[in-house]
Each structure stands twice: as C-alpha cells, then as structure tokens.
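The file run_25.cif comes next; it holds mmCIF, C-alpha atoms and all ligand atoms.
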data_my_file
loop_
_atom_site.group_PDB
_atom_site.id
_atom_site.type_symbol
_atom_site.label_atom_id
_atom_site.label_comp_id
_atom_site.auth_asym_id
_atom_site.auth_seq_id
_atom_site.Cartn_x
_atom_site.Cartn_y
_atom_site.Cartn_z
ATOM 1 C CA MET S 1 70.673 115.535 84.828
ATOM 2 C CA THR S 2 71.644 113.871 88.080
ATOM 3 C CA GLU S 3 75.379 113.947 88.816
ATOM 4 C CA GLU S 4 76.371 110.272 89.107
ATOM 5 C CA MET S 5 78.909 110.052 91.948
ATOM 6 C CA PHE S 6 79.102 106.232 91.691
ATOM 7 C CA ARG S 7 80.588 106.439 88.171
ATOM 8 C CA ARG S 8 83.955 107.749 89.384
ATOM 9 C CA ASP S 9 83.923 106.224 92.865
ATOM 10 C CA ALA S 10 82.001 102.994 93.433
ATOM 11 C CA TYR S 11 83.090 103.101 97.108
ATOM 12 C CA ALA S 12 81.266 106.368 97.884
ATOM 13 C CA LYS S 13 78.728 105.359 100.549
ATOM 14 C CA SER S 14 77.062 108.749 100.973
ATOM 15 C CA CYS S 15 76.975 112.285 99.640
ATOM 16 C CA GLU S 16 75.256 115.561 100.399
ATOM 17 C CA ALA S 17 72.699 116.566 97.801
ATOM 18 C CA GLU S 18 69.724 118.818 97.190
ATOM 19 C CA VAL S 19 66.224 117.529 96.485
ATOM 20 C CA VAL S 20 65.282 118.938 93.064
ATOM 21 C CA ALA S 21 61.906 117.235 92.526
ATOM 22 C CA VAL S 22 59.389 114.998 94.277
ATOM 23 C CA ASP S 23 56.476 113.148 92.689
ATOM 24 C CA ASP S 24 54.648 109.839 93.062
ATOM 25 C CA THR S 25 57.501 107.972 91.333
ATOM 26 C CA GLY S 26 60.057 109.129 93.892
ATOM 27 C CA VAL S 27 62.706 111.721 94.738
ATOM 28 C CA ARG S 28 65.196 113.353 92.360
ATOM 29 C CA LEU S 29 68.467 114.813 93.656
ATOM 30 C CA ASP S 30 71.053 117.054 91.995
ATOM 31 C CA ARG S 31 73.730 114.404 92.681
ATOM 32 C CA THR S 32 73.686 110.873 94.048
ATOM 33 C CA VAL S 33 75.677 107.830 95.140
ATOM 34 C CA PHE S 34 72.625 105.588 94.437
ATOM 35 C CA TYR S 35 73.146 103.287 91.425
ATOM 36 C CA PRO S 36 69.997 102.952 89.267
ATOM 37 C CA THR S 37 68.892 99.504 88.005
ATOM 38 C CA GLY S 38 70.764 98.770 84.780
ATOM 39 C CA GLY S 39 73.162 96.420 83.027
ATOM 40 C CA GLY S 40 71.752 93.491 85.011
ATOM 41 C CA GLN S 41 72.566 95.128 88.360
ATOM 42 C CA PRO S 42 69.709 96.048 90.739
ATOM 43 C CA GLY S 43 69.253 99.602 91.967
ATOM 44 C CA ASP S 44 70.495 100.713 95.386
ATOM 45 C CA ARG S 45 68.505 100.976 98.589
ATOM 46 C CA GLY S 46 69.195 103.295 101.494
ATOM 47 C CA VAL S 47 67.998 106.526 103.130
ATOM 48 C CA LEU S 48 67.847 110.245 102.502
ATOM 49 C CA GLU S 49 68.579 112.065 105.775
ATOM 50 C CA PRO S 50 67.488 115.739 105.732
ATOM 51 C CA LEU S 51 70.313 117.900 107.138
ATOM 52 C CA ASP S 52 67.740 119.885 109.159
ATOM 53 C CA GLY S 53 67.171 116.791 111.287
ATOM 54 C CA SER S 54 63.672 116.005 110.045
ATOM 55 C CA GLU S 55 62.576 112.423 109.449
ATOM 56 C CA ALA S 56 64.688 110.306 107.088
ATOM 57 C CA VAL S 57 63.132 109.003 103.858
ATOM 58 C CA ARG S 58 63.641 105.315 103.126
ATOM 59 C CA ILE S 59 64.649 104.466 99.538
ATOM 60 C CA VAL S 60 63.569 100.983 98.446
ATOM 61 C CA ASP S 61 64.889 101.061 94.868
ATOM 62 C CA THR S 62 66.674 103.324 92.385
ATOM 63 C CA LYS S 63 65.740 103.616 88.722
ATOM 64 C CA LYS S 64 66.580 105.617 85.643
ATOM 65 C CA GLY S 65 64.005 108.330 85.005
ATOM 66 C CA VAL S 66 62.208 108.904 81.719
ATOM 67 C CA GLU S 67 64.376 111.932 81.023
ATOM 68 C CA HIS S 68 67.920 111.249 79.858
ATOM 69 C CA GLY S 69 70.450 111.172 82.702
ATOM 70 C CA GLU S 70 67.819 111.420 85.402
ATOM 71 C CA ILE S 71 67.842 109.127 88.456
ATOM 72 C CA VAL S 72 64.736 108.404 90.548
ATOM 73 C CA HIS S 73 65.047 107.367 94.206
ATOM 74 C CA VAL S 74 61.959 105.221 94.753
ATOM 75 C CA THR S 75 60.328 105.749 98.158
ATOM 76 C CA GLU S 76 58.134 103.397 100.166
ATOM 77 C CA GLY S 77 55.202 105.800 100.297
ATOM 78 C CA PRO S 78 54.337 109.374 99.291
ATOM 79 C CA VAL S 79 56.827 112.097 100.181
ATOM 80 C CA PRO S 80 55.739 115.674 101.020
ATOM 81 C CA PRO S 81 56.469 118.152 98.193
ATOM 82 C CA THR S 82 57.947 120.474 100.836
ATOM 83 C CA LEU S 83 61.061 118.283 100.630
ATOM 84 C CA VAL S 84 62.025 120.085 97.391
ATOM 85 C CA GLY S 85 64.951 122.417 97.992
ATOM 86 C CA THR S 86 65.999 120.566 101.163
ATOM 87 C CA LYS S 87 69.586 119.473 101.628
ATOM 88 C CA VAL S 88 69.948 115.793 102.436
ATOM 89 C CA ARG S 89 72.625 113.209 103.084
ATOM 90 C CA ALA S 90 72.032 110.352 100.624
ATOM 91 C CA VAL S 91 73.250 107.117 102.230
ATOM 92 C CA ILE S 92 73.209 103.760 100.439
ATOM 93 C CA ASP S 93 72.786 100.341 102.061
ATOM 94 C CA TRP S 94 76.495 99.708 101.736
ATOM 95 C CA GLU S 95 76.536 96.082 102.892
ATOM 96 C CA ARG S 96 74.105 95.144 100.132
ATOM 97 C CA ARG S 97 75.841 97.287 97.483
ATOM 98 C CA TYR S 98 79.277 95.852 98.331
ATOM 99 C CA ARG S 99 77.960 92.306 97.832
ATOM 100 C CA LEU S 100 76.475 93.431 94.497
ATOM 101 C CA MET S 101 79.855 94.937 93.524
ATOM 102 C CA ARG S 102 81.666 91.696 94.383
ATOM 103 C CA THR S 103 79.090 89.609 92.488
ATOM 104 C CA HIS S 104 79.118 91.950 89.492
ATOM 105 C CA THR S 105 82.924 91.818 89.252
ATOM 106 C CA LEU S 106 82.718 88.012 89.513
ATOM 107 C CA LEU S 107 80.521 87.989 86.392
ATOM 108 C CA HIS S 108 83.312 89.784 84.478
ATOM 109 C CA LEU S 109 85.672 86.980 85.536
ATOM 110 C CA LEU S 110 83.110 84.385 84.419
ATOM 111 C CA CYS S 111 82.861 86.124 81.051
ATOM 112 C CA SER S 112 86.651 85.942 80.683
ATOM 113 C CA VAL S 113 86.918 82.184 81.333
ATOM 114 C CA ILE S 114 84.216 81.203 78.793
ATOM 115 C CA PRO S 115 85.060 82.157 75.206
ATOM 116 C CA ALA S 116 81.532 82.721 73.902
ATOM 117 C CA GLY S 117 79.118 85.582 73.362
ATOM 118 C CA VAL S 118 77.039 86.652 76.334
ATOM 119 C CA THR S 119 73.304 86.868 75.613
ATOM 120 C CA GLY S 120 72.032 87.893 79.019
ATOM 121 C CA GLY S 121 72.767 88.036 82.687
ATOM 122 C CA SER S 122 71.783 89.221 86.092
ATOM 123 C CA VAL S 123 73.441 90.247 89.340
ATOM 124 C CA ARG S 124 71.875 89.523 92.720
ATOM 125 C CA GLU S 125 73.189 89.896 96.231
ATOM 126 C CA GLY S 126 75.836 87.180 96.368
ATOM 127 C CA THR S 127 74.602 85.248 93.338
ATOM 128 C CA GLY S 128 74.614 85.928 89.618
ATOM 129 C CA ARG S 129 74.280 84.320 86.213
ATOM 130 C CA LEU S 130 75.339 84.779 82.619
ATOM 131 C CA ASP S 131 73.832 83.194 79.507
ATOM 132 C CA PHE S 132 76.328 82.141 76.851
ATOM 133 C CA ASP S 133 75.743 81.558 73.169
ATOM 134 C CA LEU S 134 77.023 77.971 73.166
ATOM 135 C CA PRO S 135 75.585 75.157 71.022
ATOM 136 C CA GLU S 136 76.784 72.288 73.207
ATOM 137 C CA SER S 137 77.799 71.977 76.771
ATOM 138 C CA THR S 138 81.534 71.708 77.099
ATOM 139 C CA LEU S 139 81.456 73.505 80.417
ATOM 140 C CA ASP S 140 82.571 71.814 83.597
ATOM 141 C CA LYS S 141 81.440 73.149 86.967
ATOM 142 C CA GLU S 142 84.557 72.135 88.882
ATOM 143 C CA GLN S 143 86.963 73.410 86.222
ATOM 144 C CA LEU S 144 85.185 76.762 86.000
ATOM 145 C CA THR S 145 85.113 77.114 89.791
ATOM 146 C CA ALA S 146 88.870 76.474 89.933
ATOM 147 C CA ALA S 147 89.575 78.961 87.125
ATOM 148 C CA LEU S 148 87.490 81.666 88.817
ATOM 149 C CA ASN S 149 89.094 81.158 92.238
ATOM 150 C CA CYS S 150 92.506 81.333 90.591
ATOM 151 C CA LEU S 151 91.661 84.766 89.114
ATOM 152 C CA VAL S 152 90.368 85.891 92.518
ATOM 153 C CA GLU S 153 93.554 84.775 94.277
ATOM 154 C CA GLU S 154 95.775 86.471 91.676
ATOM 155 C CA ASN S 155 94.188 89.734 92.875
ATOM 156 C CA HIS S 156 94.042 91.583 89.539
ATOM 157 C CA ALA S 157 93.428 95.334 89.621
ATOM 158 C CA VAL S 158 89.973 96.421 88.428
ATOM 159 C CA LYS S 159 89.523 99.925 87.045
ATOM 160 C CA PRO S 160 87.349 101.963 84.730
ATOM 161 C CA ARG S 161 88.797 103.455 81.555
ATOM 162 C CA TRP S 162 87.095 105.843 79.135
ATOM 163 C CA ILE S 163 87.427 105.674 75.351
ATOM 164 C CA SER S 164 85.740 107.651 72.600
ATOM 165 C CA ASP S 165 82.751 106.274 70.658
ATOM 166 C CA ALA S 166 84.968 106.231 67.546
ATOM 167 C CA GLU S 167 87.658 104.148 69.270
ATOM 168 C CA LEU S 168 85.050 101.641 70.398
ATOM 169 C CA LYS S 169 83.589 101.411 66.903
ATOM 170 C CA ALA S 170 87.091 100.562 65.655
ATOM 171 C CA GLN S 171 87.355 97.714 68.209
ATOM 172 C CA PRO S 172 84.001 95.885 68.066
ATOM 173 C CA GLU S 173 85.625 92.794 69.626
ATOM 174 C CA LEU S 174 85.517 94.617 72.993
ATOM 175 C CA VAL S 175 81.768 94.161 73.159
ATOM 176 C CA ARG S 176 81.178 90.694 74.594
ATOM 177 C CA THR S 177 77.599 91.211 75.630
ATOM 178 C CA MET S 178 75.380 90.671 72.625
ATOM 179 C CA SER S 179 72.110 91.729 74.238
ATOM 180 C CA VAL S 180 73.289 94.914 75.944
ATOM 181 C CA LYS S 181 74.599 97.636 73.650
ATOM 182 C CA PRO S 182 77.145 99.920 75.298
ATOM 183 C CA PRO S 183 75.782 103.404 75.964
ATOM 184 C CA MET S 184 77.213 105.324 73.010
ATOM 185 C CA GLY S 185 76.344 108.782 71.753
ATOM 186 C CA GLN S 186 77.728 110.717 74.714
ATOM 187 C CA GLY S 187 81.182 111.041 73.119
ATOM 188 C CA GLU S 188 82.891 108.548 75.383
ATOM 189 C CA VAL S 189 82.213 105.032 76.599
ATOM 190 C CA ARG S 190 83.138 103.636 79.985
ATOM 191 C CA LEU S 191 85.162 100.442 79.826
ATOM 192 C CA LEU S 192 85.863 98.195 82.745
ATOM 193 C CA GLU S 193 89.339 96.714 82.773
ATOM 194 C CA ILE S 194 90.444 93.773 84.874
ATOM 195 C CA GLU S 195 94.171 93.932 84.288
ATOM 196 C CA GLY S 196 95.356 91.069 82.128
ATOM 197 C CA VAL S 197 91.927 89.381 82.246
ATOM 198 C CA ASP S 198 89.038 91.313 80.727
ATOM 199 C CA LEU S 199 88.194 94.613 79.058
ATOM 200 C CA GLN S 200 84.658 95.520 78.036
ATOM 201 C CA PRO S 201 82.147 98.360 78.167
ATOM 202 C CA CYS S 202 80.307 98.433 81.486
ATOM 203 C CA GLY S 203 78.597 101.140 83.497
ATOM 204 C CA GLY S 204 78.033 99.130 86.686
ATOM 205 C CA THR S 205 79.811 99.245 90.035
ATOM 206 C CA HIS S 206 82.815 96.986 90.728
ATOM 207 C CA VAL S 207 85.349 96.247 93.451
ATOM 208 C CA ALA S 208 88.900 97.620 93.031
ATOM 209 C CA SER S 209 90.664 94.257 92.849
ATOM 210 C CA THR S 210 89.549 90.683 92.205
ATOM 211 C CA GLY S 211 90.814 89.558 95.644
ATOM 212 C CA GLU S 212 87.907 91.473 97.240
ATOM 213 C CA ILE S 213 85.455 89.041 95.616
ATOM 214 C CA GLY S 214 86.670 86.246 97.913
ATOM 215 C CA PRO S 215 86.128 82.510 97.311
ATOM 216 C CA VAL S 216 83.428 81.659 94.752
ATOM 217 C CA ARG S 217 81.758 78.655 93.176
ATOM 218 C CA VAL S 218 79.802 77.712 90.071
ATOM 219 C CA THR S 219 76.504 76.426 91.458
ATOM 220 C CA LYS S 220 74.681 75.265 88.341
ATOM 221 C CA ILE S 221 75.049 75.027 84.556
ATOM 222 C CA GLU S 222 71.689 74.920 82.793
ATOM 223 C CA LYS S 223 70.627 74.324 79.210
ATOM 224 C CA LYS S 224 68.284 77.163 78.265
ATOM 225 C CA GLY S 225 67.554 76.521 74.604
ATOM 226 C CA LYS S 226 69.559 75.075 71.720
ATOM 227 C CA HIS S 227 72.226 77.773 71.736
ATOM 228 C CA ASN S 228 72.113 78.873 75.324
ATOM 229 C CA ARG S 229 73.978 77.730 78.416
ATOM 230 C CA ARG S 230 73.220 79.494 81.683
ATOM 231 C CA VAL S 231 76.056 79.540 84.215
ATOM 232 C CA ASN S 232 75.092 80.360 87.816
ATOM 233 C CA VAL S 233 77.743 81.537 90.261
ATOM 234 C CA ALA S 234 77.789 82.465 93.931
ATOM 235 C CA LEU S 235 80.064 84.045 96.493
ATOM 236 C CA ALA S 236 81.120 81.393 99.025
ATOM 237 C CA ASP S 237 79.718 83.598 101.820
ATOM 238 C CA ALA S 238 76.342 84.051 100.078
ATOM 239 C CA GLY S 239 74.825 81.071 101.907
ATOM 240 C CA THR S 240 73.179 78.050 100.336
ATOM 241 C CA VAL S 241 71.764 78.705 96.910
HETATM 242 ZN ZN ZN S 301 80.601 95.473 84.997
#

Represent the supplied structure as structure tokens.
Ligand SMILES: [Zn+2]
Amino acid sequence: MTEEMFRRDAYAKSCEAEVVAVDDTGVRLDRTVFYPTGGGQPGDRGVLEPLDGSEAVRIVDTKKGVEHGEIVHVTEGPVPPTLVGTKVRAVIDWERRYRLMRTHTLLHLLCSVIPAGVTGGSVREGTGRLDFDLPESTLDKEQLTAALNCLVEENHAVKPRWISDAELKAQPELVRTMSVKPPMGQGEVRLLEIEGVDLQPCGGTHVASTGEIGPVRVTKIEKKGKHNRRVNVALADAGTV
C-alpha cells in the first residue's frame, strides 16, 4: 500500500519517498503526495527527482493501481528498472493542483446551494460541473453565482473529519452523490466539512477555507435528459470558458 500523504495534508507539495516498483504502467513509491484520479478529480502531474542527482522522471498522470491502496505514477516513457530502491523527492505541479483544489471545493459549495441529488460531476483546472437529479429547470445562473460568491466571501473553514462505517450507515442523508458510493469497508470514512454549509463523504483534495476559492461564476446550465440538469462553474481567474 502506498502511504497517501495528501489525505492528511492537501497542501503538501513534495515528499521524500523510495521507489518500490517500476513497470510499463509507471512508478510505485512507498509514500506520495500525488493524488490519483478519482471522485471526479484528475490525477496529479509533477516530477520524481532522484536524491542522487540523476535525471528527474516526469509524471504525466497519477492513477490507482489494480491492487488495493496502490498508487501508480504514470511516466511519459519507459523508466529503467534500476530506479527501484532509489530515494526520490516526489514533487507535484502545485499550481495546477491548487487550481484543482479550489475548483473541487467550489463544487461542494455548488452542491450545497442546490437541494437535489448529484448524479455525476467532474473537476478540471479552473472549471467544473455537477449533474443534478432535477425534473425541471428552476435554476437561475445569476442567482446561483451570487449564492456561491456569498459563500466564498463568508470564508467558511473547510476540514476533513473521519467517522466510522457504522456511523455513516446510520446517517444515509450525508451521501449527496448518488453515483459515487463512499469508500466504505476500511472501518472509517473520510467526510469533508465546510463549516455551516456542507458535510459529505469525499476523498479528494480541498482548500482550507472557502475564501481561497476566490470569485466564481456559473457559466452554463444545460438540460441533459429528462431528470438531469448540468451546472457548469468556473473560477473567475480561469479565463474564458
Ligand atoms: Zn470533495
């Protein structure tokens, strides 16, 4: 199992680690700050810098491995097997990750201002979307934008909280996302709490307070089927979308 440094500290930009395996799918480390694709959030990019000064290895994506709890750092090309046993500094592309963290946290705010089940979603760099189980469109772009910016300005604290599988089972209303089941079976489930706003299971990476998201806007509301409304959002500094 890869030790997941990003679970406790989403702001960790690098860590020292040992290469435990190399194959044509990528590099496995004993611990990592790289977030693997999951929960609608893309995997991290960055570099592995060998501590002996040899050439750095560029990581273009991060994925969950086939084995439980294993994380694969996807490389651009083949990596020599001699890398196994080497100590490296694993460094993520922090600028990109921080934008993903801001966008991801924004989607939690979006979820809190629309009282409907979430059937899907995706986080990109600066833009994101959620699909809501809504039969008719009662959603207003300007109203939603104002509500989201209000929550950003109020600067609510964002923090993870762990509860047991049994506690979560007793509170099924915590699970807003209908398509993504929370990862149960490990004894405890990670919840993400935005104080006074939202509480739901989530294993992604988030900013520490909603103020860090900065100004945002709802860019488009689309009808995607009879019972589906797709709401697209963007960070104001994400450029034209
Ligand atoms: Zn989340």

Distance query Glu4 in chain S at most 7 Å, only C-alpha atoms, self and fewer than 5 positions along chain excluded, as a VMD selection string = chain S and resid 31 to 33

ask   = range 154-161 of chain S: which residues within 8 Å, counting only C-alpha atoms, same-chain residues fewer than 2 positions away excluded, as an NGL selection string?
value = :S and (150-152 or 163 or 190-197 or 206-212)

message = Calculated over only C-alpha atoms and all ligand atoms, which of the candidates S:Leu148, S:Ala17, S:Val79, S:Ala10 has the smallest distance to ligand ZN 301 (chain S)?
response = S:Ala10

request  = May I have the residues within 9 Å of Leu168 in chain S as number ranges by chain, using only C-alpha atoms and disregarding those fewer than 4 positions away in the same chain?
outcome  = S: 163-164, 172-175, 188-189, 201

key: Two-atom distance - CA of Arg229 in chain S, CA of Leu134 in chain S (Å)   =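 These atoms are spaced 6.1 Å apart.
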
Test item: residues lying within 6 Å of ligand ZN 301 (chain S) with all atoms listed in the file, as a ChimeraX atom specification = /S:104,202,204

request  = Between S:Cys111, S:Val27, S:Ala21, S:Leu83, single out the one closest to Ser54 in chain S, counting all atoms listed in the file.
outcome  =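 Result for the nearest residue to Ser54 in chain S: S:Leu83.
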
query = Of the candidates S:Thr25, S:Glu95, S:Gln41, S:Ile221, which one gets nearest to His73 in chain S if we count all atoms listed in the file?
reply =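 Nearest candidate to His73 in chain S out of S:Thr25, S:Glu95, S:Gln41, S:Ile221: S:Thr25.
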
task = Please measure the separation of CA of Val47 in chain S and CA of Arg89 in chain S, giving the value in Å to one decimal.
result =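 Calculated distance between CA of Val47 in chain S and CA of Arg89 in chain S is 8.1 Å.
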
query = Residues at most 7 Å from Ala238 in chain S, counting only C-alpha atoms, excluding those fewer than 3 positions away in the same chain, as a list in words?
reply =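 Those residues are Gly126, Ala234 and Leu235 of chain S.
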
Could the residues in this selection be saved with C-alpha atoms as an mmCIF file, in the frame of the given file?
data_model
loop_
_atom_site.group_PDB
_atom_site.id
_atom_site.type_symbol
_atom_site.label_atom_id
_atom_site.label_comp_id
_atom_site.auth_asym_id
_atom_site.auth_seq_id
_atom_site.Cartn_x
_atom_site.Cartn_y
_atom_site.Cartn_z
ATOM 1 C CA GLY S 126 75.836 87.180 96.368
ATOM 2 C CA ALA S 234 77.789 82.465 93.931
ATOM 3 C CA LEU S 235 80.064 84.045 96.493
#

ask   = Separation of CA of Glu142 in chain S and CA of Thr105 in chain S, in Å?
value =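 For CA of Glu142 in chain S relative to CA of Thr105 in chain S, the distance reads 19.8 Å.
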
ask   = Nearest to Ala146 in chain S: which of S:Leu199, S:Val88, S:Arg217, S:Asp23 is it, counting all atoms listed in the file?
value =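 So, comparing all the options, the nearest one is S:Arg217.
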
query = What's the 8 Å shell around Val74 in chain S, counting all atoms listed in the file, without same-chain residues fewer than 2 positions away, as a PyMOL selection string?
reply = chain S and resi 25-27+59-63+72+76

Selected residues, C-alpha atoms, written as a short mmCIF file (atom, residue, chain, number, x, y, z; two decimals), in the frame of the given file, please.
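Saved as out-v7.cif:
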data_model
loop_
_atom_site.label_atom_id
_atom_site.label_comp_id
_atom_site.auth_asym_id
_atom_site.auth_seq_id
_atom_site.Cartn_x
_atom_site.Cartn_y
_atom_site.Cartn_z
CA THR S 25 57.50 107.97 91.33
CA GLY S 26 60.06 109.13 93.89
CA VAL S 27 62.71 111.72 94.74
CA ILE S 59 64.65 104.47 99.54
CA VAL S 60 63.57 100.98 98.45
CA ASP S 61 64.89 101.06 94.87
CA THR S 62 66.67 103.32 92.38
CA LYS S 63 65.74 103.62 88.72
CA VAL S 72 64.74 108.40 90.55
CA GLU S 76 58.13 103.40 100.17
#
